Amino acid sequence: MLAVLVFLARRLVLTIPVLLGVATLVFSLIHLIPGDPAQSILGEAAVPADVEALRHTLGLDRPLIVQYGGFLAGLVQGNLGTSLRTGEPVTSQIADRIPATFELALAAMVVAIAVAIPLGLAGAVWRGTIADHAAMTMALAGVSIPNFWLGPLLAIVFGVEFGWLPVSGRGGIEHLILPAISLGGALAAIVARLTRATVIEELREQYVTAARSRGASRRRAVLGHAFRNSLIPIVTVVGLQFGAVLTGAVITETIFSWPGIGRLLVQSIGFRDYPMVQGCILFIAVTYVGVNLATDLLYGVLDPRIRYR
């Protein structure tokens, strides 16, 4: 337990410069985007004097170094500022959107794993057969089709043409199906190909042959031995791809009008809402770091031989 706590403390300390770098980069880039938030709020027909007055009220007329210092000071206190568009705290608005984003991300992960593991195992067990070629063809298609194309296609076919599923908004599970498939398709393809490769490699090991010689069934040799020892690379990729799922949710949430962090980010960029954009991206960065840390901790559960240092 002490080793785990020391490992956690060390990793948390190492995340500080990472998050500081992300915060600095986001602050710099968002202020380089053309456009004036005050002008966006008041409209193109606004009087220049009113625009300047609003810029002064919002603190946008201060030097960038002063704005950056205020941003970091608020960040240390857990204060991400106030939305320029709504006047509400950024933290509360992000908190309101977190459940929707995690609901979609977890659903996409479930879809990806439920599809990928059977495909990968089928390709490994029946390597070189029609089943293997079919499984890997599906995986290749999943990798090749971007979610900004797959999402509208699913919406047109299953929402517009057949009318089976809703194509926008958040409600029951029927609202979650199309966004989850769109977001989880690429991840399913990646995990399927990795599962196939790692299981094939493990099936060649002597311990699998020894298990079969002791009377273990083919199913037990594959699932209980080969697949179990393939979990670490699979878990690594799934954990790392969770951050990609959150990033991909920006597009998917926009396509399906899903009220999550991604859609909030896109809307905030359109309104030049600097504090909200910074808060959304920082949230994604912190989540990504947290998932990577959880993945490292999970290694010890999957393989007791691993020690934390």
# chains A, B, ... in the order shown; residues from 1 in each chain; ligands from 1
call {"tool": "residues_around", "arguments": {"residues": "A:Ala294", "least_positions_apart": "5", "cutoff": "10 Å", "atoms": "only C-alpha atoms", "output": "number ranges by chain"}}
result
A: 8, 239, 288-289, 299
call {"tool": "select_by_dssp", "arguments": {"residues": "stretch 41-254 of chain A", "states": "helix (DSSP H, G or I)", "output": "VMD selection string"}}
result
chain A and resid 41 to 42 48 to 58 64 to 76 90 to 125 130 to 144 147 to 161 173 to 203 206 to 213 218 to 229 231 to 254
call {"tool": "closest_residue", "arguments": {"among": "A:Leu19, A:Leu150, A:Ala211, A:Ile94", "to": "A:Gly260", "atoms": "only C-alpha atoms"}}
result
A:Ile94
call {"tool": "residues_around", "arguments": {"residues": "A:Ile261", "least_positions_apart": "2", "cutoff": "7 Å", "atoms": "only C-alpha atoms", "output": "PDB file with N, CA and C atoms, in the first residue's frame"}}
result
ATOM      1  N   ILE A  94     -19.468  23.585 -16.606  1.00  0.00           N
ATOM      2  CA  ILE A  94     -18.793  22.339 -16.972  1.00  0.00           C
ATOM      3  C   ILE A  94     -19.338  21.182 -16.148  1.00  0.00           C
ATOM      4  N   ARG A  97     -22.384  19.689 -17.495  1.00  0.00           N
ATOM      5  CA  ARG A  97     -22.229  18.923 -18.746  1.00  0.00           C
ATOM      6  C   ARG A  97     -21.464  17.616 -18.559  1.00  0.00           C
ATOM      7  N   ILE A  98     -20.782  17.460 -17.428  1.00  0.00           N
ATOM      8  CA  ILE A  98     -19.952  16.270 -17.221  1.00  0.00           C
ATOM      9  C   ILE A  98     -20.765  14.968 -17.307  1.00  0.00           C
ATOM     10  N   THR A 101     -21.352  13.917 -20.963  1.00  0.00           N
ATOM     11  CA  THR A 101     -20.142  13.515 -21.677  1.00  0.00           C
ATOM     12  C   THR A 101     -19.655  12.147 -21.223  1.00  0.00           C
ATOM     13  N   ARG A 263     -19.773  19.719 -27.066  1.00  0.00           N
ATOM     14  CA  ARG A 263     -20.662  20.698 -27.708  1.00  0.00           C
ATOM     15  C   ARG A 263     -20.489  22.068 -27.056  1.00  0.00           C
ATOM     16  N   LEU A 264     -20.327  22.074 -25.736  1.00  0.00           N
ATOM     17  CA  LEU A 264     -20.094  23.338 -25.037  1.00  0.00           C
ATOM     18  C   LEU A 264     -18.809  23.994 -25.527  1.00  0.00           C
ATOM     19  N   LEU A 265     -17.779  23.191 -25.785  1.00  0.00           N
ATOM     20  CA  LEU A 265     -16.508  23.714 -26.276  1.00  0.00           C
ATOM     21  C   LEU A 265     -16.673  24.356 -27.650  1.00  0.00           C
ATOM     22  N   CYS A 280     -12.934  24.011 -20.600  1.00  0.00           N
ATOM     23  CA  CYS A 280     -13.284  22.742 -21.249  1.00  0.00           C
ATOM     24  C   CYS A 280     -12.038  21.943 -21.621  1.00  0.00           C
TER      25      CYS A 280
END
call {"tool": "residues_around", "arguments": {"residues": "A:Ala124", "least_positions_apart": "6", "cutoff": "9 Å", "atoms": "only C-alpha atoms", "output": "ChimeraX atom specification"}}
result
/A:132,195-200,203
call {"tool": "write_last_selection", "arguments": {"atoms": "N, CA and C atoms", "output": "short mmCIF file (atom, residue, chain, number, x, y, z; two decimals), in the first residue's frame"}}
result
data_model
loop_
_atom_site.label_atom_id
_atom_site.label_comp_id
_atom_site.auth_asym_id
_atom_site.auth_seq_id
_atom_site.Cartn_x
_atom_site.Cartn_y
_atom_site.Cartn_z
N ASP A 132 -11.64 -14.87 -40.02
CA ASP A 132 -10.55 -13.94 -39.72
C ASP A 132 -10.55 -12.77 -40.70
N THR A 195 -6.22 -7.02 -30.17
CA THR A 195 -6.60 -8.28 -29.52
C THR A 195 -6.18 -9.47 -30.36
N ARG A 196 -6.44 -9.39 -31.64
CA ARG A 196 -6.06 -10.50 -32.53
C ARG A 196 -4.55 -10.72 -32.48
N ALA A 197 -3.76 -9.64 -32.62
CA ALA A 197 -2.31 -9.78 -32.66
C ALA A 197 -1.75 -10.33 -31.36
N THR A 198 -2.21 -9.81 -30.22
CA THR A 198 -1.66 -10.25 -28.94
C THR A 198 -2.09 -11.67 -28.59
N VAL A 199 -3.33 -12.04 -28.90
CA VAL A 199 -3.79 -13.40 -28.60
C VAL A 199 -3.06 -14.41 -29.47
N ILE A 200 -2.83 -14.09 -30.75
CA ILE A 200 -2.06 -14.99 -31.62
C ILE A 200 -0.67 -15.20 -31.05
N LEU A 203 -0.90 -17.48 -28.02
CA LEU A 203 -1.24 -18.87 -28.36
C LEU A 203 -0.01 -19.67 -28.79
#
call {"tool": "closest_residue", "arguments": {"among": "A:Val22, A:Val110, A:Ala216, A:Met276", "to": "A:Ser92", "atoms": "only C-alpha atoms"}}
result
A:Met276
call {"tool": "residues_around", "arguments": {"residues": "A:Leu20", "least_positions_apart": "3", "cutoff": "12 Å", "atoms": "only C-alpha atoms", "output": "ChimeraX atom specification"}}
result
/A:13-17,23-27,68,71-73,75-76,278,282,285-286
call {"tool": "residues_around", "arguments": {"residues": "A:Val277", "least_positions_apart": "3", "cutoff": "8 Å", "atoms": "only C-alpha atoms", "output": "PyMOL selection string"}}
result
chain A and resi 30+265+268-269+273-274+280-281
call {"tool": "residues_around", "arguments": {"residues": "A:Val245", "least_positions_apart": "3", "cutoff": "12 Å", "atoms": "only C-alpha atoms", "output": "PyMOL selection string"}}
result
chain A and resi 101-110+112+147+179-188+237-242+248-253+262+284+287-288+291
call {"tool": "closest_residue", "arguments": {"among": "A:Leu178, A:Leu297, A:Met138, A:Ala122", "to": "A:Gly151", "atoms": "only C-alpha atoms"}}
result
A:Leu178
call {"tool": "atom_distance", "arguments": {"atom1": "atom CA of A:His31", "atom2": "atom CA of A:Pro275"}}
result
10.7 Å
